[in-house]
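In what follows, a structure is listed as structure tokens, so that the remarks can point back to it.
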Amino acid sequence: MKHFDVIVIGGGHAGAEAAHASARMGANTALITMSRDGIGVMSCNPAIGGLGKGHLVREIDALDGVMGRVADKAGIQFRLLNRRKGPAVQGPRAQADRAIYRKEMLAETERQENLTIVEGEVTDFILDNGKVSGAVLADGEQIAAAAVVLTTGTFLRGVIHIGDVSRSGGRMGDKASVDLANRIDSFNLPLGRLKTGTPPRLDGRTIDWEKLESQPGDDEPVLFSFLSEATSAPQISCGITHTNEKTHQIIRDNLSRSAMYGGHIDGVGPRYCPSIEDKVVRFADKTSHQVFLEPEGADDHTIYPNGISTSLPEDVQLAYVRSMVGLENVEIIQPGYAIEYDYVDPRALDMALSVRTVPGLYLAGQINGTTGYEEAAAQGLVAGLNAALAAQGKEPVTFSRADSYIGVMIDDLTTRGVTEPYRMFTSRAEFRLSLRADNADQRLTPLAIALGCVSQERVAHFNAKMAKIDAAMAELTKTPYASKAIEAAGIKVSQDGTKRTGFQLLAFPDVTFEQIVLINPELETVEPEIRRQVERDALYANYIARQQRDIDLLQKDEAHVIPANFDYEAIDGLSNELTSKLSLTRPTNLAQAARIDGMTPSALTLLLSHLKRGS
Ligand code: FAD
């Protein structure tokens with residue numbers, strides 16, 4: 001039998017990131033996946049990042065994950081979303097060339113030290129006294145490991161629906177994982193059903209592009225990785241068309257034939273990524289919806305029509321796409337479909353993403369009720385790090401709501417569970433002024449360096465950048481400038497005669513670094529990238545200082561650790577409802593307990609006093 005420290009099952013976005021993270025930690029890692037060519041496949045839209053999601057990619061990159069670097073190589077259109085709003089809510093997004101993304105992800109995976117790709121379907125686990133200690137493949141091969149990360153996405157008992165036709169499948173063209181789902185049943189984990197959908201893919205050669213509005217990328221692309229310097233794939237524009245009254249009528253006339261509306265699907269779908277059927281029904285007063293026509297690659301004529309995912313029959317899909325301007329003669333390459341699949345209620349997991357009742361098993365990605373490549377990858381990274389740490393006999397690493405969107409997501413999942421596929425938004429992060437995409441490296445790379453999961457290249461790059469920021473900061477905070485000097489530089493701040501340092505002046509939204517250079521020529525040599533970073537840091541400094549009190553309170557509560565086997569039944573005066581919620585969720589600390597639905601201040605005080613007594 002082959003032996004590894006860590007096995008990762010599934011080579012999607014969660015699996016790839018988990019396997020890389022584990023291998024970077026020095027754990028001998030096997031990535032077992034159905035097909036080598038399927039590593040890094042984008043099941044749905046050919047895009048990475050966006051609002052909230054872009055933050056996750058930056059954080060993955062700050063921890064030396066692969067998604068950002070690969071997306072930069074595959075990016076064929078980069079746009080910084082919310083560019084006109086503050087940096088805290090701006091989200092980098094790239095449309096990716098699907099083929100390049102897969103090729104680069106496979107190349108990175110093959111290059112990674114300590115990482116072996118094994119092709120095969122996992123049908124069972126090896127169990128050793130209830131602990132997961134390996135995987136069994138469909139051909140009978142057994143592979144042993146100290147920890148196993150399961151990242152099977154939409155594959156567990158996946159069922160694909162197109163109109164009234166349903167069949168088993170993990171996604172279009174792939175078989176579902178049924179044997180493994182049956183084995184997971186035996187763990188008695190809380191399972192549910194969710195659904196998601198994808199639009200038909202169109203043949204770009206049959207689209208009348210002349211009739212369409214065009215959307216180019218940004219002139220100056222904002223990349224994901226702190227290590228990337230430039231784009232490498234050719235850059236393209238997207239087309240824009242719209243649904244219209246006729247489109248909506250065709251959809252309304254055929255609603256009963258939609259898998260979702262015809263009663264063929266039980267699973268709950270993503271409210272924030274509705275199908276076109278949902279949009280027509282839920283927003284009945286709207287006569288038109290925008291549809292982005294996104295090329296799936298620079299050399300690929302496949303077009304992803306963003307905004308019209310569907311489970312209507314193929315003939316209806318063709319009729320409604322052809323009702324739109326520019327698409328009158330379009331041909332469909334692959335029909336849209338919906339997929340229903342099993343997920344595990346993530347309240348069964350702890351903050352390290354290990355299953356509390358099944359030692360040795362970690363879960364990451366869509367299997368935990370999330371949707372999206374970025375959410376999956378971020379969880380994969382955390383599960384991979386922790387599986388490696390466990391295999392090495394070390395303490396787990398966890399993330400907090402105060403340090404990262406990763407912490408926000410895992411805390412949301414493990415304390416509240418999901419009622420629909422969970423996706424990241426900036427609004428979910430209460431400390432979003434400090435958790436910006438631009439400072440993800442400052443927040444997380446030191447932690448990653450301490451953990452030992454970072455390449456020498458990144459360590460050198462980060463240290464050099466921080467040395468430049470520190471030098472600029474030292475100069476900017478050294479001497480307050482007299483108000484006359486400030487005025488002479490054309491800086492218009494309240495003329496109260498107050499002396500201000502350069503950093504204090506940069507906290508005013510309209511003040512630029514270049515103006516400070518006019519007062520203090522010592523700053524002339526500061527590079528543009530460092531200037532912009534210091535500007536952003538200064539802009540938020542006052543708000544963040546005020547937020548610090550809340551962060552301190554959170555961290556104080558986080559320090560009250562609740563033992564894994566804590567007996568909630570023993571607390572007199574705790575309602576039955578809260579006792580059962582706490583027993584199900586098993587919060588790791590008092591801060592998490594406070595966020596459980598229905599928690600009251602008095603119940604929290606009761607819990608704290610029991611914790612202090614050590615009961
Ligand atoms: P996946 O990327 O699905 O990867 C799972 C991996 O596990 C695959 O490599 C598979 O081969 C492997 N695997 C499965 N079972 C086994 C086994 N037994 N043994 C070995 N290997 C196995 N996201 C959005 O953000 N927006 C959307 O609109 C959206 N729509 C979607 C529509 C469809 C139809 C689908 C299928 C997905 C959609 N997604 C969407 C979700 C997105 O694709 C996923 O969130 C993301 O891919 C999840 O990553 P993952 O790593 O968890 O799983």
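By order of appearance in the structure tokens: chains A, B, ..., then residues from 1 within every chain, and ligands from 1 in the order shown.
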Report task. Could you tell me, counting only C-alpha atoms and all ligand atoms, which protein and nucleic acid residues lie no more than 6 Å from ligand 1, written as a PyMOL selection string? Result -> chain A and resi 9-15+32-34+38-39+42-44+120-123+151-155+171+177+180+196-198+273+338-339+365-367+371-373+376
Query raised in the report: Got a sec: who's within 12 Å of Ser404 (chain A), counting only C-alpha atoms, leaving out chain neighbours fewer than 3 positions off, as a PyMOL selection string?
Result: chain A and resi 52+55-60+62-63+378+398-401+407-411+424+426+428-437+439-445+447
Requested in this report: Please run DSSP on the backbone and report, as a ChimeraX atom specification, all residues within region 252-458 of chain A that come out as helix (DSSP H, G or I).
Outcome: /A:252-253,255-257,276-282,314-321,346-348,366-368,373-391,405-416,426-428,440-451,456-458
Query raised in the report: Pick from A:Leu505, A:Ile76, A:Ile303, A:Ala319: nearest to Thr243 (chain A), with only C-alpha atoms counted?
Result: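 Answer, going by the shortest atom-to-atom distance: A:Ala319.
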Requested in this report: Name the residues in contact with Pro274 (chain A) at a cut-off of 12 Å, using only C-alpha atoms, excluding same-chain residues fewer than 6 positions from it; report them as a PyMOL selection string.
Outcome: chain A and resi 195-199+260+268+280-283+289+306-311+338+420-421
Report task. Record the distance separating CA of Phe78 (chain A) and CA of Glu108 (chain A), expressed in Å with one decimal. Result -> 21.8 Å
